[in-house]
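Colleague: As input, take coords03.cif (mmCIF, C-alpha atoms):
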data_run
loop_
_atom_site.label_atom_id
_atom_site.label_comp_id
_atom_site.auth_asym_id
_atom_site.auth_seq_id
_atom_site.Cartn_x
_atom_site.Cartn_y
_atom_site.Cartn_z
CA MET A 1 162.76 112.30 198.21
CA SER A 2 164.75 115.52 198.59
CA THR A 3 168.29 115.08 197.37
CA SER A 4 170.99 117.21 195.82
CA LEU A 5 171.41 114.60 193.07
CA GLU A 6 169.46 114.67 189.84
CA MET A 7 167.44 111.46 189.76
CA SER A 8 165.86 110.15 186.56
CA SER A 9 163.43 107.34 185.76
CA VAL A 10 164.86 105.26 182.96
CA ASP A 11 162.98 102.74 180.81
CA LEU A 12 165.33 99.78 180.54
CA SER A 13 163.17 97.69 178.24
CA GLY A 14 165.88 97.67 175.60
CA LEU A 15 168.40 96.21 178.01
CA CYS A 16 166.26 93.87 180.08
CA ASP A 17 164.16 90.77 179.74
CA ARG A 18 161.23 92.81 181.03
CA VAL A 19 160.38 96.48 181.38
CA LEU A 20 161.82 97.92 184.56
CA ALA A 21 161.78 101.46 185.90
CA ILE A 22 164.66 102.25 188.23
CA TYR A 23 165.39 105.66 189.69
CA VAL A 24 169.10 106.25 189.24
CA PRO A 25 171.61 109.12 189.21
CA GLU A 26 172.18 110.42 185.70
CA GLY A 27 175.76 109.13 185.76
CA HIS A 28 174.44 105.59 186.14
CA ILE A 29 172.33 105.95 183.01
CA LEU A 30 175.40 106.89 180.98
CA ARG A 31 177.13 103.71 182.14
CA LEU A 32 174.31 101.26 181.43
CA GLU A 33 175.65 100.26 178.03
CA GLU A 34 179.17 99.89 179.42
CA ASN A 35 177.82 97.70 182.24
CA ASN A 36 175.79 95.59 179.86
CA ASN A 37 178.75 94.87 177.58
CA PHE A 38 181.29 94.19 180.32
CA GLU A 39 183.26 90.98 179.66
CA ILE A 40 182.56 88.30 182.27
CA ARG A 41 184.83 85.38 183.15
CA SER A 42 183.28 82.07 184.11
CA ASP A 43 185.47 81.87 187.23
CA ASP A 44 184.45 85.31 188.53
CA ILE A 45 182.90 85.45 192.01
CA TRP A 46 180.24 88.13 192.44
CA VAL A 47 178.81 89.29 195.76
CA ILE A 48 175.46 90.94 195.06
CA THR A 49 173.16 92.66 197.53
CA TYR A 50 170.62 95.39 197.82
CA PRO A 51 172.43 98.21 199.70
CA LYS A 52 172.68 97.84 203.49
CA CYS A 53 171.92 94.12 203.44
CA GLY A 54 175.31 92.82 204.59
CA THR A 55 177.43 93.62 201.56
CA THR A 56 180.68 94.48 203.34
CA TRP A 57 180.26 91.58 205.74
CA THR A 58 179.73 89.08 202.93
CA GLN A 59 182.66 90.48 200.95
CA GLU A 60 185.06 90.08 203.85
CA ILE A 61 183.94 86.51 204.53
CA VAL A 62 184.22 85.55 200.85
CA TRP A 63 187.65 87.14 200.52
CA LEU A 64 188.94 85.26 203.56
CA VAL A 65 187.46 81.98 202.34
CA CYS A 66 189.21 82.47 199.00
CA ASN A 67 192.51 83.47 200.62
CA ASN A 68 193.08 80.84 203.31
CA ALA A 69 191.84 83.05 206.17
CA ASP A 70 194.63 85.59 205.60
CA THR A 71 193.60 88.07 208.27
CA GLU A 72 196.94 89.90 208.12
CA THR A 73 196.19 91.17 204.62
CA ALA A 74 192.54 91.71 205.52
CA ASN A 75 193.68 94.03 208.31
CA THR A 76 196.03 96.09 206.15
CA VAL A 77 194.63 96.27 202.59
CA GLU A 78 191.32 98.06 202.05
CA LEU A 79 188.43 95.80 201.15
CA ASP A 80 187.54 97.97 198.15
CA THR A 81 191.02 97.24 196.76
CA ARG A 82 190.74 93.50 197.38
CA PHE A 83 187.12 93.30 196.27
CA PRO A 84 186.22 96.23 193.97
CA PHE A 85 182.77 97.76 193.58
CA PHE A 86 181.61 97.25 189.97
CA GLU A 87 179.46 100.40 189.63
CA TYR A 88 181.47 102.60 192.03
CA PRO A 89 180.11 106.09 191.29
CA PHE A 90 183.28 108.14 191.78
CA THR A 91 185.94 106.32 189.77
CA ASN A 92 185.59 103.77 186.99
CA GLN A 93 186.48 100.51 188.73
CA LYS A 94 185.79 98.47 185.59
CA ARG A 95 189.25 99.36 184.28
CA VAL A 96 190.75 97.90 187.45
CA ILE A 97 188.52 94.82 187.35
CA ARG A 98 189.44 94.06 183.74
CA LYS A 99 193.11 93.79 184.72
CA MET A 100 192.57 91.64 187.82
CA PRO A 101 193.90 88.07 187.77
CA SER A 102 191.37 85.27 188.01
CA PRO A 103 189.38 84.47 189.98
CA ARG A 104 188.14 88.05 190.29
CA LEU A 105 186.09 89.03 193.34
CA ILE A 106 183.51 91.67 192.37
CA LYS A 107 180.85 93.50 194.38
CA THR A 108 177.67 95.01 192.93
CA HIS A 109 174.26 96.29 193.98
CA LEU A 110 172.86 96.09 190.45
CA ALA A 111 169.35 94.73 189.99
CA LEU A 112 169.18 91.47 188.06
CA PRO A 113 167.88 92.95 184.77
CA VAL A 114 170.83 95.36 184.49
CA LEU A 115 173.67 92.97 185.27
CA PRO A 116 176.21 92.54 182.46
CA HIS A 117 174.62 90.47 179.73
CA GLN A 118 177.38 87.83 179.70
CA ILE A 119 176.54 86.77 183.25
CA ARG A 120 173.64 84.78 181.79
CA GLU A 121 176.01 82.94 179.45
CA LYS A 122 179.21 82.56 181.49
CA LYS A 123 177.40 81.74 184.77
CA PRO A 124 180.03 82.92 187.26
CA LYS A 125 179.45 82.13 190.92
CA ILE A 126 177.08 84.62 192.55
CA ILE A 127 176.52 85.02 196.28
CA TYR A 128 173.43 87.08 197.03
CA THR A 129 172.82 88.25 200.60
CA MET A 130 169.34 89.41 201.55
CA ARG A 131 167.99 91.05 204.71
CA ASN A 132 164.56 91.60 206.21
CA PRO A 133 162.98 94.76 204.81
CA LYS A 134 162.39 96.52 208.12
CA ASP A 135 165.97 96.43 209.36
CA THR A 136 167.19 97.22 205.85
CA CYS A 137 165.05 100.35 205.81
CA VAL A 138 166.37 101.56 209.19
CA SER A 139 169.96 100.96 208.14
CA MET A 140 169.43 102.71 204.81
CA TYR A 141 167.78 105.69 206.50
CA HIS A 142 170.78 106.30 208.73
CA PHE A 143 173.19 105.77 205.84
CA VAL A 144 171.40 108.19 203.52
CA LYS A 145 171.36 110.84 206.25
CA LEU A 146 175.15 110.48 206.52
CA LEU A 147 175.84 111.01 202.82
CA THR A 148 176.90 114.55 201.96
CA PRO A 149 176.03 114.28 198.22
CA ILE A 150 172.41 113.34 198.99
CA ASN A 151 171.60 115.79 201.80
CA TYR A 152 168.37 113.99 202.75
CA LYS A 153 166.12 116.11 204.99
CA GLY A 154 163.08 113.88 205.49
CA ASN A 155 162.10 112.11 208.71
CA PHE A 156 161.98 108.34 209.15
CA GLU A 157 158.28 108.01 208.28
CA GLU A 158 158.75 109.95 205.04
CA PHE A 159 161.82 107.96 204.15
CA THR A 160 160.14 104.60 204.81
CA LYS A 161 157.22 105.37 202.51
CA GLU A 162 159.59 106.57 199.79
CA PHE A 163 161.98 103.65 200.29
CA PHE A 164 159.34 100.99 199.80
CA MET A 165 158.04 102.75 196.70
CA GLY A 166 161.46 102.08 195.17
CA VAL A 167 162.53 105.74 195.12
CA THR A 168 165.86 105.47 196.86
CA VAL A 169 169.56 105.88 196.07
CA GLY A 170 169.86 104.17 192.73
CA HIS A 171 169.07 100.47 192.89
CA GLY A 172 165.35 100.26 192.36
CA SER A 173 162.71 98.46 194.36
CA PHE A 174 163.75 96.47 197.41
CA TRP A 175 160.99 93.99 196.58
CA ASP A 176 161.95 93.42 192.93
CA HIS A 177 165.65 93.21 193.77
CA HIS A 178 165.14 90.48 196.37
CA ARG A 179 162.43 88.64 194.49
CA ASP A 180 164.34 88.47 191.20
CA TYR A 181 167.44 86.92 192.77
CA TRP A 182 165.40 84.64 195.05
CA ARG A 183 163.80 83.12 191.98
CA LEU A 184 167.29 81.92 190.94
CA LYS A 185 167.89 80.08 194.22
CA ASN A 186 167.99 76.66 192.54
CA GLU A 187 170.60 77.65 189.95
CA MET A 188 173.88 75.84 190.50
CA ASN A 189 175.95 79.03 190.32
CA ILE A 190 173.82 80.96 192.86
CA LEU A 191 174.09 80.89 196.65
CA ILE A 192 171.44 82.78 198.64
CA LEU A 193 172.40 83.96 202.12
CA LYS A 194 170.32 85.77 204.72
CA TYR A 195 171.78 88.46 206.96
CA GLU A 196 169.85 87.04 209.89
CA ASP A 197 171.44 83.58 209.42
CA LEU A 198 174.90 85.14 209.39
CA ILE A 199 174.13 86.70 212.77
CA THR A 200 172.59 83.53 214.21
CA ASP A 201 175.27 81.02 213.16
CA LEU A 202 178.20 82.60 211.38
CA ALA A 203 180.37 79.46 211.42
CA LYS A 204 177.66 77.48 209.65
CA GLU A 205 177.31 80.14 206.96
CA VAL A 206 181.10 80.37 206.49
CA LYS A 207 181.12 76.63 205.81
CA ARG A 208 178.22 76.99 203.35
CA ILE A 209 180.14 79.68 201.48
CA ALA A 210 183.31 77.58 201.44
CA ALA A 211 181.44 74.56 200.11
CA PHE A 212 179.78 76.65 197.41
CA LEU A 213 183.15 78.07 196.34
CA GLU A 214 184.74 74.61 196.53
CA LYS A 215 187.28 75.74 199.12
CA GLU A 216 188.47 73.40 201.85
CA LEU A 217 188.88 75.09 205.23
CA THR A 218 190.16 73.61 208.47
CA GLU A 219 188.10 74.13 211.61
CA GLU A 220 190.84 76.50 212.78
CA GLN A 221 190.48 78.58 209.60
CA VAL A 222 186.70 78.68 210.00
CA GLN A 223 187.07 79.97 213.54
CA THR A 224 189.66 82.52 212.42
CA ILE A 225 187.20 83.86 209.85
CA VAL A 226 184.36 83.90 212.38
CA GLU A 227 186.43 85.85 214.90
CA HIS A 228 187.67 88.29 212.27
CA CYS A 229 184.16 88.86 210.92
CA THR A 230 182.30 89.63 214.12
CA PHE A 231 180.55 93.00 213.85
CA LYS A 232 182.75 94.61 216.52
CA THR A 233 185.99 93.42 214.91
CA MET A 234 184.98 94.62 211.46
CA LYS A 235 183.71 97.95 212.78
CA ASP A 236 187.12 98.56 214.35
CA ASN A 237 189.05 97.42 211.24
CA SER A 238 189.89 100.45 209.08
CA ALA A 239 190.56 98.13 206.12
CA SER A 240 186.95 96.92 206.05
CA ASN A 241 184.78 99.47 207.89
CA GLN A 242 184.52 101.84 204.90
CA SER A 243 186.00 104.71 206.94
CA HIS A 244 187.68 105.94 203.77
CA ILE A 245 184.25 107.16 202.61
CA GLN A 246 184.27 109.66 205.47
CA ASN A 247 187.91 110.54 204.76
CA MET A 248 186.83 111.44 201.21
CA GLY A 249 184.27 113.88 202.62
CA LEU A 250 181.29 111.82 201.46
CA MET A 251 179.89 111.22 204.97
CA ARG A 252 179.13 113.79 207.63
CA ALA A 253 181.59 113.64 210.50
CA GLY A 254 180.23 113.11 213.99
CA MET A 255 176.85 111.72 212.84
CA GLY A 256 177.66 108.01 212.95
CA ASN A 257 179.57 105.38 211.02
CA PHE A 258 179.01 103.29 207.90
CA MET A 259 178.77 100.22 210.17
CA ARG A 260 176.15 101.10 212.77
CA LYS A 261 174.64 98.27 214.87
CA GLY A 262 174.61 95.05 212.87
CA LYS A 263 171.70 93.42 214.67
CA ILE A 264 168.27 91.93 214.07
CA GLY A 265 165.20 93.80 215.31
CA ASP A 266 166.38 97.41 215.50
CA TRP A 267 163.33 98.28 213.39
CA LYS A 268 161.19 98.03 216.52
CA ASN A 269 162.77 101.27 217.74
CA TYR A 270 161.57 103.15 214.64
CA PHE A 271 158.44 101.64 213.08
CA THR A 272 155.02 102.97 214.02
CA PRO A 273 152.10 100.48 213.90
CA GLU A 274 151.02 102.12 210.62
CA LEU A 275 154.44 101.68 209.00
CA ASN A 276 154.72 98.15 210.31
CA ASP A 277 151.36 97.22 208.82
CA MET A 278 152.30 98.82 205.50
CA VAL A 279 155.49 96.77 205.20
CA ASP A 280 153.74 93.58 206.34
CA GLN A 281 151.17 94.02 203.58
CA LEU A 282 153.86 94.67 200.95
CA ASN A 283 155.76 91.63 202.20
CA LYS A 284 152.66 89.48 201.81
CA LYS A 285 152.15 90.85 198.31
CA TYR A 286 155.68 90.53 196.94
CA LEU A 287 157.77 88.04 198.91
CA GLU A 288 155.63 85.56 200.82
CA PRO A 289 153.99 84.18 197.64
CA GLU A 290 157.54 83.31 196.51
CA GLY A 291 158.20 81.40 199.75
CA LEU A 292 160.62 84.07 200.93
CA THR A 293 160.38 84.85 204.64
CA PHE A 294 162.66 86.52 207.17
CA ASP A 295 163.45 86.56 210.89
CA TYR A 296 162.63 89.91 212.43
CA GLU A 297 164.03 89.50 215.95
#
Once more with this new file: its structure as structure tokens, please.
Modeller:
Amino acid sequence: MSTSLEMSSVDLSGLCDRVLAIYVPEGHILRLEENNNFEIRSDDIWVITYPKCGTTWTQEIVWLVCNNADTETANTVELDTRFPFFEYPFTNQKRVIRKMPSPRLIKTHLALPVLPHQIREKKPKIIYTMRNPKDTCVSMYHFVKLLTPINYKGNFEEFTKEFFMGVTVGHGSFWDHHRDYWRLKNEMNILILKYEDLITDLAKEVKRIAAFLEKELTEEQVQTIVEHCTFKTMKDNSASNQSHIQNMGLMRAGMGNFMRKGKIGDWKNYFTPELNDMVDQLNKKYLEPEGLTFDYE
């Protein structure tokens, strides 16, 4: 993959329960020890995803569930302030997170083996949102093309083959990431969501999240959250649509937005039969034996 960032393969065997090679920016490598030793609180709430799998959407829903459907604040205070990004690459958000009152709401894309070590002991609540690999790939392709620090020049076919080899923007293999968290689905402190279910029946998924977080919501509050968290509403909300990334000069102007389509099945507009067969075979190899399946339309 052609990028303007220096990417390195790091052997994490000293930090993980198993050997794992992840291609990451050099700055990430320098922070691995800091990440590993970060102090966890048992009442933390972590939203974890592979990139472009519904992270922002899940964050906004979780924040509203935890804050009595306070859409006024959600419309005026940036989501990254309300729900900081643990491994944010441009400023050290861990200093901010350490000072946050409990319960802290924290976002991360980190693969399971490189999460802070204390997560295994303290068992905070974790909400993991997954998405079908084909739509994830399309969304990631458009996102990477927007990013000025990466300057990706490849076409969609090249990107897809690289993406599913795990050589992407710093979070390892799509397959390992999803599979590792899926294997924890029966843990009491883990809730697994699927992007496709959020699209199909958002109210039902809001109620699942509320029940998991032990929050009582009225039907009116559920509907308020549903209306606030439609794709169109969030795309138009400057507090949650990540437009500040473009304002910082990190996304190319006039080439699209962080929030693009938010639908199931857009992959059909991009995948050739060859690419489709490749992903189907990888899916059968890595996810289907685990009982993990997705809706694709």
Colleague: Please enumerate the residues selected by the PyMOL selection byres ((chain A and resi 271) around 12) when evaluated against the supplied file, formatted as a PyMOL selection string.
Modeller: chain A and resi 133-135+137-138+155-161+265-270+272-280
Colleague: Might you pull out every residue within 9 Å of Trp175 (chain A), with all atoms listed in the file counted and same-chain residues fewer than 4 positions away left off, and present them as a list in words?
Modeller: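 Here the qualifying residues turn out to be Pro133, Phe164, Gly166, Arg179, Asp180, Leu282, Asn283, Tyr286 and Leu287 of chain A.
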Colleague: Report the residues retrieved by the PyMOL selection byres ((chain A and resi 84) around 8) from the displayed file, expressed as a PyMOL selection string.
Modeller: chain A and resi 79-83+85-86+93+97+105-107
Colleague: Could you check which of A:Lys185, A:Lys263, A:Arg131, A:Lys284 is closest to Thr55 (chain A), using only C-alpha atoms?
Modeller: A:Arg131
Colleague: Which is closest to Leu32 (chain A) among A:Val114, A:Pro51, A:Glu121, A:His177, if we use all atoms listed in the file?
Modeller: A:Val114
Colleague: Which one is closest to Ile48 (chain A): A:Met140, A:Ile192, A:Val65, A:Val96? Count all atoms listed in the file.
Modeller: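 Between A:Met140, A:Ile192, A:Val65, A:Val96, the residue approaching Ile48 (chain A) most closely is A:Ile192.
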Colleague: Going by the chain IDs and residue numbers used in this file, which residues fall under the PyMOL selection byres ((chain A and resi 208) around 12)? Write them as a ChimeraX atom specification.
Modeller: /A:61-62,65,127,191-194,197-198,201-207,209-217,222
Colleague: Just give me the gap between CA of Glu297 (chain A) and CA of Ile264 (chain A) in Å, one decimal is fine.
Modeller: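 Result for CA of Glu297 (chain A) versus CA of Ile264 (chain A): 5.2 Å, one decimal.
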Colleague: CA of Asp43 (chain A) to CA of Pro101 (chain A): how many Å, to one decimal?
Modeller: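 Taking CA of Asp43 (chain A) and CA of Pro101 (chain A), their separation equals 10.5 Å.
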Colleague: With distances taken over only C-alpha atoms, which residue among A:Lys125, A:Arg183, A:Lys145, A:Lys153 lies nearest Pro103 (chain A)?
Modeller: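 For Pro103 (chain A), the nearest of the given residues is A:Lys125.
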Colleague: Just to confirm, what's the straight-line distance from CA of Val226 (chain A) to CA of Thr73 (chain A) in Å (one decimal)?
Modeller: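 Taking CA of Val226 (chain A) as the start and CA of Thr73 (chain A) as the end point, the length is 15.9 Å.
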Colleague: Step by step, gather every atom of region 117-130 of chain A that the file lists, find the box along x, y and z that holds them, add 6 Å on each side, and finally give centre and edge lengths in Å to one decimal, as JSON.
Modeller:
{"center_x": 174.7, "center_y": 86.1, "center_z": 190.5, "size_x": 22.7, "size_y": 20.7, "size_z": 34.1}
Colleague: Give the answer as one residue: which of A:Thr233, A:Gly262, A:His228, A:Leu292 has the shortest atom-to-atom distance to Asp70 (chain A), using only C-alpha atoms?
Modeller: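 Result for the nearest residue to Asp70 (chain A): A:His228.
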Colleague: Name the residues in contact with Ser42 (chain A) at a cut-off of 12 Å, using only C-alpha atoms, excluding same-chain residues fewer than 2 positions from it; report them as a list in words.
Modeller: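 My list of contacting residues is Glu39, Ile40, Asp44, Ile45, Trp46, Ser102, Pro103, Arg104, Leu105, Gln118, Ile119, Arg120, Glu121, Lys122, Lys123, Pro124, Lys125, Ile126 and Asn189 of chain A.
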Colleague: For the residues selected in the previous step, produce a file with C-alpha atoms as a short mmCIF file (atom, residue, chain, number, x, y, z; two decimals), keeping the file's coordinate frame.
Modeller:
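Wrote it out as out06.cif, contents follow:
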data_model
loop_
_atom_site.label_atom_id
_atom_site.label_comp_id
_atom_site.auth_asym_id
_atom_site.auth_seq_id
_atom_site.Cartn_x
_atom_site.Cartn_y
_atom_site.Cartn_z
CA GLU A 39 183.26 90.98 179.66
CA ILE A 40 182.56 88.30 182.27
CA ASP A 44 184.45 85.31 188.53
CA ILE A 45 182.90 85.45 192.01
CA TRP A 46 180.24 88.13 192.44
CA SER A 102 191.37 85.27 188.01
CA PRO A 103 189.38 84.47 189.98
CA ARG A 104 188.14 88.05 190.29
CA LEU A 105 186.09 89.03 193.34
CA GLN A 118 177.38 87.83 179.70
CA ILE A 119 176.54 86.77 183.25
CA ARG A 120 173.64 84.78 181.79
CA GLU A 121 176.01 82.94 179.45
CA LYS A 122 179.21 82.56 181.49
CA LYS A 123 177.40 81.74 184.77
CA PRO A 124 180.03 82.92 187.26
CA LYS A 125 179.45 82.13 190.92
CA ILE A 126 177.08 84.62 192.55
CA ASN A 189 175.95 79.03 190.32
#
Colleague: Out of A:Thr224, A:Thr129, A:Thr200, A:Thr293, which residue has the shortest atom-to-atom distance to Gln59 (chain A) when counting only C-alpha atoms?
Modeller: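 So, comparing all the options, the nearest one is A:Thr129.
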Colleague: Rebuild region 188-216 of chain A to N, CA and C atoms - output it as a PDB file, in the frame of the given file, please.
Modeller:
ATOM      1  N   MET A 188     172.668  76.404 189.915  1.00  0.00           N
ATOM      2  CA  MET A 188     173.880  75.840 190.500  1.00  0.00           C
ATOM      3  C   MET A 188     174.941  76.879 190.824  1.00  0.00           C
ATOM      4  N   ASN A 189     174.913  78.008 190.113  1.00  0.00           N
ATOM      5  CA  ASN A 189     175.950  79.030 190.320  1.00  0.00           C
ATOM      6  C   ASN A 189     175.501  80.139 191.273  1.00  0.00           C
ATOM      7  N   ILE A 190     174.357  79.933 191.944  1.00  0.00           N
ATOM      8  CA  ILE A 190     173.820  80.960 192.860  1.00  0.00           C
ATOM      9  C   ILE A 190     173.759  80.413 194.279  1.00  0.00           C
ATOM     10  N   LEU A 191     174.260  81.204 195.229  1.00  0.00           N
ATOM     11  CA  LEU A 191     174.090  80.890 196.650  1.00  0.00           C
ATOM     12  C   LEU A 191     173.349  82.057 197.297  1.00  0.00           C
ATOM     13  N   ILE A 192     172.218  81.762 197.932  1.00  0.00           N
ATOM     14  CA  ILE A 192     171.440  82.780 198.640  1.00  0.00           C
ATOM     15  C   ILE A 192     171.767  82.708 200.126  1.00  0.00           C
ATOM     16  N   LEU A 193     172.156  83.840 200.684  1.00  0.00           N
ATOM     17  CA  LEU A 193     172.400  83.960 202.120  1.00  0.00           C
ATOM     18  C   LEU A 193     171.390  84.942 202.710  1.00  0.00           C
ATOM     19  N   LYS A 194     171.145  84.795 204.001  1.00  0.00           N
ATOM     20  CA  LYS A 194     170.320  85.770 204.720  1.00  0.00           C
ATOM     21  C   LYS A 194     171.151  86.387 205.839  1.00  0.00           C
ATOM     22  N   TYR A 195     171.070  87.699 205.930  1.00  0.00           N
ATOM     23  CA  TYR A 195     171.780  88.460 206.960  1.00  0.00           C
ATOM     24  C   TYR A 195     171.508  87.883 208.348  1.00  0.00           C
ATOM     25  N   GLU A 196     170.250  87.536 208.575  1.00  0.00           N
ATOM     26  CA  GLU A 196     169.850  87.040 209.890  1.00  0.00           C
ATOM     27  C   GLU A 196     170.521  85.704 210.212  1.00  0.00           C
ATOM     28  N   ASP A 197     170.748  84.856 209.204  1.00  0.00           N
ATOM     29  CA  ASP A 197     171.440  83.580 209.420  1.00  0.00           C
ATOM     30  C   ASP A 197     172.917  83.804 209.725  1.00  0.00           C
ATOM     31  N   LEU A 198     173.504  84.811 209.102  1.00  0.00           N
ATOM     32  CA  LEU A 198     174.900  85.140 209.390  1.00  0.00           C
ATOM     33  C   LEU A 198     175.063  85.559 210.847  1.00  0.00           C
ATOM     34  N   ILE A 199     174.088  86.293 211.361  1.00  0.00           N
ATOM     35  CA  ILE A 199     174.130  86.700 212.770  1.00  0.00           C
ATOM     36  C   ILE A 199     173.915  85.493 213.689  1.00  0.00           C
ATOM     37  N   THR A 200     172.973  84.642 213.335  1.00  0.00           N
ATOM     38  CA  THR A 200     172.590  83.530 214.210  1.00  0.00           C
ATOM     39  C   THR A 200     173.652  82.453 214.295  1.00  0.00           C
ATOM     40  N   ASP A 201     174.272  82.092 213.171  1.00  0.00           N
ATOM     41  CA  ASP A 201     175.270  81.020 213.160  1.00  0.00           C
ATOM     42  C   ASP A 201     176.292  81.289 212.069  1.00  0.00           C
ATOM     43  N   LEU A 202     177.235  82.165 212.381  1.00  0.00           N
ATOM     44  CA  LEU A 202     178.200  82.600 211.380  1.00  0.00           C
ATOM     45  C   LEU A 202     179.090  81.452 210.908  1.00  0.00           C
ATOM     46  N   ALA A 203     179.503  80.579 211.812  1.00  0.00           N
ATOM     47  CA  ALA A 203     180.370  79.460 211.420  1.00  0.00           C
ATOM     48  C   ALA A 203     179.682  78.573 210.385  1.00  0.00           C
ATOM     49  N   LYS A 204     178.411  78.306 210.594  1.00  0.00           N
ATOM     50  CA  LYS A 204     177.660  77.480 209.650  1.00  0.00           C
ATOM     51  C   LYS A 204     177.619  78.128 208.273  1.00  0.00           C
ATOM     52  N   GLU A 205     177.399  79.441 208.241  1.00  0.00           N
ATOM     53  CA  GLU A 205     177.310  80.140 206.960  1.00  0.00           C
ATOM     54  C   GLU A 205     178.672  80.248 206.284  1.00  0.00           C
ATOM     55  N   VAL A 206     179.743  80.385 207.059  1.00  0.00           N
ATOM     56  CA  VAL A 206     181.100  80.370 206.490  1.00  0.00           C
ATOM     57  C   VAL A 206     181.349  79.039 205.789  1.00  0.00           C
ATOM     58  N   LYS A 207     180.936  77.956 206.409  1.00  0.00           N
ATOM     59  CA  LYS A 207     181.120  76.630 205.810  1.00  0.00           C
ATOM     60  C   LYS A 207     180.271  76.472 204.550  1.00  0.00           C
ATOM     61  N   ARG A 208     179.062  77.029 204.553  1.00  0.00           N
ATOM     62  CA  ARG A 208     178.220  76.990 203.350  1.00  0.00           C
ATOM     63  C   ARG A 208     178.900  77.731 202.196  1.00  0.00           C
ATOM     64  N   ILE A 209     179.455  78.889 202.506  1.00  0.00           N
ATOM     65  CA  ILE A 209     180.140  79.680 201.480  1.00  0.00           C
ATOM     66  C   ILE A 209     181.349  78.926 200.953  1.00  0.00           C
ATOM     67  N   ALA A 210     182.127  78.337 201.857  1.00  0.00           N
ATOM     68  CA  ALA A 210     183.310  77.580 201.440  1.00  0.00           C
ATOM     69  C   ALA A 210     182.933  76.403 200.544  1.00  0.00           C
ATOM     70  N   ALA A 211     181.874  75.703 200.915  1.00  0.00           N
ATOM     71  CA  ALA A 211     181.440  74.560 200.110  1.00  0.00           C
ATOM     72  C   ALA A 211     180.987  75.018 198.729  1.00  0.00           C
ATOM     73  N   PHE A 212     180.261  76.126 198.679  1.00  0.00           N
ATOM     74  CA  PHE A 212     179.780  76.650 197.410  1.00  0.00           C
ATOM     75  C   PHE A 212     180.948  77.055 196.501  1.00  0.00           C
ATOM     76  N   LEU A 213     181.989  77.626 197.111  1.00  0.00           N
ATOM     77  CA  LEU A 213     183.150  78.070 196.340  1.00  0.00           C
ATOM     78  C   LEU A 213     184.179  76.966 196.146  1.00  0.00           C
ATOM     79  N   GLU A 214     183.858  75.775 196.651  1.00  0.00           N
ATOM     80  CA  GLU A 214     184.740  74.610 196.530  1.00  0.00           C
ATOM     81  C   GLU A 214     186.106  74.868 197.156  1.00  0.00           C
ATOM     82  N   LYS A 215     186.066  75.475 198.354  1.00  0.00           N
ATOM     83  CA  LYS A 215     187.280  75.740 199.120  1.00  0.00           C
ATOM     84  C   LYS A 215     187.267  74.892 200.381  1.00  0.00           C
ATOM     85  N   GLU A 216     188.366  74.221 200.638  1.00  0.00           N
ATOM     86  CA  GLU A 216     188.470  73.400 201.850  1.00  0.00           C
ATOM     87  C   GLU A 216     189.109  74.226 202.956  1.00  0.00           C
TER      88      GLU A 216
END
